[in-house]
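A quick write-up on the structure given underneath.
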Amino acid sequence: MTTDGEVRRTPVVPPQHTAPPLPRQEPAEPPAPPLVRWARTPRPAAGAGIWRLGHVPKPPQDPHRLGDRELHGTALLALLAGWLVWSLYDNRYLRAVDWPLDWAGARSWGPTTAGISVLHTYQVLFICLLAYVFGRLGHAPELWRRHRPTALRLLGLPPGTEPLERAVVLRATAAAVAGYVVWTLSFRGVWTFWLEPLYALVPDAWWENGDTTAYTVAYNVHYVLYALLLALALGLAGGWGTVWRRYRPAWLGGHGAGTPRDRERERQAEWSELREAGAAGAADHLAGEMRTGAMSDLDYARIEHAWRAVRARPTALEQFEAAVLGDGAGAFVHPSGRRDLTVRTARHDLLTRQVCIGRAVDEERNPYEHRGEEIALDPTVLGTSLLAVGPPGSGKTGRVIRPVTEALCLHALTGQAAVVAVGTARSALGPDDAFDIIVRIGDERSTHVLDPYGGAADTDEAAALLAEALVGDTETDLRTAAAVLAQLIGPFQAAYGHFPGIPELRAMLDGAPALLATLREDLGHAGAWSQQRELDARARQAQRPDDLGPRLADQLALLDRAGFSHGEAARRTRPFSLSSLEHPLRVRVDLPATGHAEARRVITRMLLAQFTAAVAARPDRTLFAALVLDDATSAITPGTVRGLTQLRPANAGAVLSLRTLDDVPAALRSGLLGAVGCRMAFSGITTWDAEHFARAWGTAWTEDRDVTSTPDRSGGVVRRFTRGVRKLFTGREATTESVTVRRVERERWSASELAHRVPPRHAVLSLTTVAGEAGPPVLVRLG
């Protein structure tokens, strides 16, 4: 207080900038257990072969998409242009911009509070207008969309976090602009009304000395309270709480729930369908085991599969609930008692039944929807069969065959598949404990032996299957070979009630007199006189020089020498036939690793023929049946190619691996590529193999650009003189370019590209679903 009674106004102390208060919200929920997060991860529909777990669909392709250099350069140019316009306005070179103020008479108000406030607000609005105009010219929305994943990653948010709605963005932006105007007018000394409460409450003695502690504390507290009140009011008006909850970083306690829909899904109870069906106790029990970690993803998939069966048959709900309450996560376990594999070498999603084998390369040769996406295989594509062709060391076994076999074994443990994997012991298709049955050809310690007739009960069918295995890769007439075998198999079965083993059949084909005489006598005792006539016919045909008996006996000798029947140990082993694929079995057949190459081919051919016949005759096709051949050399015959076409409606598929298509007869190569729906060409294939794949993948319409360069003769004397000087120093003549764009039909992948432009550890893959959806060939980096 001065001597004349006036209040002394001290200079305004600059405020301390403080962060706005956190919005009021409920305490963050603890993170969900891993299995719960896995089960709730979105799996949107995607194209054939795209990994669906956590997949984020791409926006529609923009044909006019700007390149990175053009986009960033345009944004920088727009920023500089906007700054230039503002600089010209700020230095009063653009007087026409202030015409609305002059028309309203705001200039006449002078340096009053109202005049300064109107002028400052007008300038801020003009800045916003410049930002909007030059932001649109600089493609700011496209720049944000392109770098949005990077920004979300820096914030610790998942890339699938949905953007804010347009109304929310406009509201929050308007509040921020208004806050800037109020902040600057308040703390630059234009608005002083907010200091009146301080002047009224603080004693006059504090104003006499502005250096006292009481004076400093009073002003700073008042500044902070005003700043917090301003931030709270603007935050409530602008909906900043919504923005904060959506984009709150994970390191600040953010839980990553992008939208209210996501948060609602997080709050939903597990096994809600089971609870709604009336089995609340079972639902609570399963939800508790998910939270405690007692349940694995395989347990979840197995119980979910059992629940889908109950939904189709509601009368089994009581039995389902009793099993869940009694065994918990171990309910409906596989007959082997296994609840998981000891080793997993690939990434699996057991809800979509997919196994990830690699990632599509992000380049122009790949379709837009597949670029950069992870590629996976599942029964919906394996049901059309898969053919993989590549030289040794290209990654067929380790990067495709092994992951697919592992996935099928997991599906078998959930009760949804049956698999037979065939390879040598060196193939490493999986550990022994990953299979229920292991057939080791030539190893007397094996507990099972292959049934050479595939479990067939009919004599003619058994003879046809065995003939396919023995001479299917030759030009021998299969019907004649099957007739020769039936002439011996039929009498033997009639006399002894079972089909002959490999040694007995080989001896009869060789014409062993003692064995045939004994068989004839036993047929007489059994009263099978018609079968004796079959033996007589076989004896007459054996006298012909072109008889197939010795040739078939030689092929059986290959199996006998490879230990196909284990000799004397066969009495202690149990036969296994592919007719058992009505059960969720996991079977591995180990072929002889060294030597016996021709025997391996015969056995492989036998298994493929038996598989195609067995799955087509299954009365129950609910299980997906698969045959995996690590080496299908010489296994492709006219009969097996016809059988491959019958697998799709039988809910079955085959995975065939070949070193080269030269292992397939020339007349069958096109038929084989047409019979399978999934084709895979690995790096290093020959040009001859690549030609077959190129024809199978066909052509597509593309834009062809022709650039023509011609000498530049335009312009006057100055331009011609400049071009002459340039040519003198550089030695190059100035040219003009003309571009011609036309639509042409070209091969999707040419034979030269497949043979020479596929990098190592890569493959070109095309997939077709059992529903008929055909995908384009995609270059995939395996692993």
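Ordered as shown in the structure tokens, chains take letters A, B, and onward, while each chain numbers its residues from 1 and ligands are numbered from 1 in the order shown.
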- Residue neighbourhood Ala46 in chain A, 12 Å, only C-alpha atoms, exclusion window fewer than 2 positions, as a PyMOL selection string: chain A and resi 42-44+48-58+352+369-370+373-376+773+775
- Task: Quick one: everything within 12 Å of Val310 in chain A, counting only C-alpha atoms, minus sequence neighbours fewer than 3 positions away in the same chain. Send it as JSON, numbers by chain.
- Result: {"A": [273, 274, 277, 279, 303, 304, 305, 306, 307, 313, 314, 315, 316, 317, 318, 319, 320, 321]}
Can I get the selection written as an mmCIF file, in the first residue's frame, with C-alpha atoms?
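And here's selection_19.cif as it stands now:
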data_model
loop_
_atom_site.group_PDB
_atom_site.id
_atom_site.type_symbol
_atom_site.label_atom_id
_atom_site.label_comp_id
_atom_site.auth_asym_id
_atom_site.auth_seq_id
_atom_site.Cartn_x
_atom_site.Cartn_y
_atom_site.Cartn_z
ATOM 1 C CA GLU A 273 -21.509 -70.161 -24.294
ATOM 2 C CA LEU A 274 -21.108 -73.067 -21.898
ATOM 3 C CA ALA A 277 -26.216 -73.432 -22.016
ATOM 4 C CA ALA A 279 -23.399 -75.657 -17.338
ATOM 5 C CA ILE A 303 -12.221 -79.152 -24.859
ATOM 6 C CA GLU A 304 -13.492 -76.546 -27.319
ATOM 7 C CA HIS A 305 -13.692 -79.268 -29.978
ATOM 8 C CA ALA A 306 -15.614 -81.504 -27.580
ATOM 9 C CA TRP A 307 -17.956 -78.610 -26.776
ATOM 10 C CA ARG A 313 -25.964 -82.955 -29.816
ATOM 11 C CA PRO A 314 -27.447 -81.170 -26.762
ATOM 12 C CA THR A 315 -28.361 -84.436 -25.050
ATOM 13 C CA ALA A 316 -24.669 -84.961 -24.267
ATOM 14 C CA LEU A 317 -24.410 -81.755 -22.196
ATOM 15 C CA GLU A 318 -24.797 -83.574 -18.875
ATOM 16 C CA GLN A 319 -22.073 -86.040 -19.738
ATOM 17 C CA PHE A 320 -19.838 -83.195 -20.937
ATOM 18 C CA GLU A 321 -20.305 -81.275 -17.681
#
Residues of range 460-569 of chain A within 9 Å of range 636-656 of chain A: nearest atom pair and distance (Å, one decimal) for each, counting only C-alpha atoms, sorted by chain and number, as JSON lines?
{"residue": "A:Glu468", "atom": "CA", "partner": "A:Gly639", "partner_atom": "CA", "distance": 7.4}
{"residue": "A:Gly472", "atom": "CA", "partner": "A:Thr637", "partner_atom": "CA", "distance": 5.8}
{"residue": "A:Asp473", "atom": "CA", "partner": "A:Thr637", "partner_atom": "CA", "distance": 5.6}
{"residue": "A:Thr474", "atom": "CA", "partner": "A:Thr637", "partner_atom": "CA", "distance": 8.5}
- Message: as a VMD selection string, please: every residue in range 439-505 of chain A that a backbone DSSP assignment puts in helix (DSSP H, G or I).
- Response: chain A and resid 459 to 471 478 to 496 502 to 505
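The shortest atom-to-atom distance to His334 in chain A, with only C-alpha atoms taken into account, belongs to A:Gly415 out of A:Gly82, A:Gly442, A:Gly415, A:Gly490.
When only C-alpha atoms are used to measure the gap to Thr447 in chain A, the shortest distance among A:Val118, A:Ala39, A:Ala428, A:Val589 belongs to A:Val589.
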- Message: Please compute the CA of Val169 in chain A-CA of Arg145 in chain A distance, one decimal, in Å.
- Response: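 Calculated distance between CA of Val169 in chain A and CA of Arg145 in chain A is 14.7 Å.
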- Message: Can you pull out the residues contacting range 173-181 of chain A? Cut-off 8 Å, using only C-alpha atoms, and skip same-chain residues under 5 positions away; I want them as number ranges by chain.
- Response: A: 120-121, 124, 230-231, 234-235, 237-238
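Those residues in range 385-460 of chain A carrying a DSSP assignment of strand (DSSP E or B), computed from the backbone, are Leu386, Leu387, Ala388, Val389, Ala417, Ala418, Val419, Val420, Ala421, Val422, Gly423, Thr424, Ile437, Ile438, Val439, Arg440, His448, Val449 and Leu450 of chain A.
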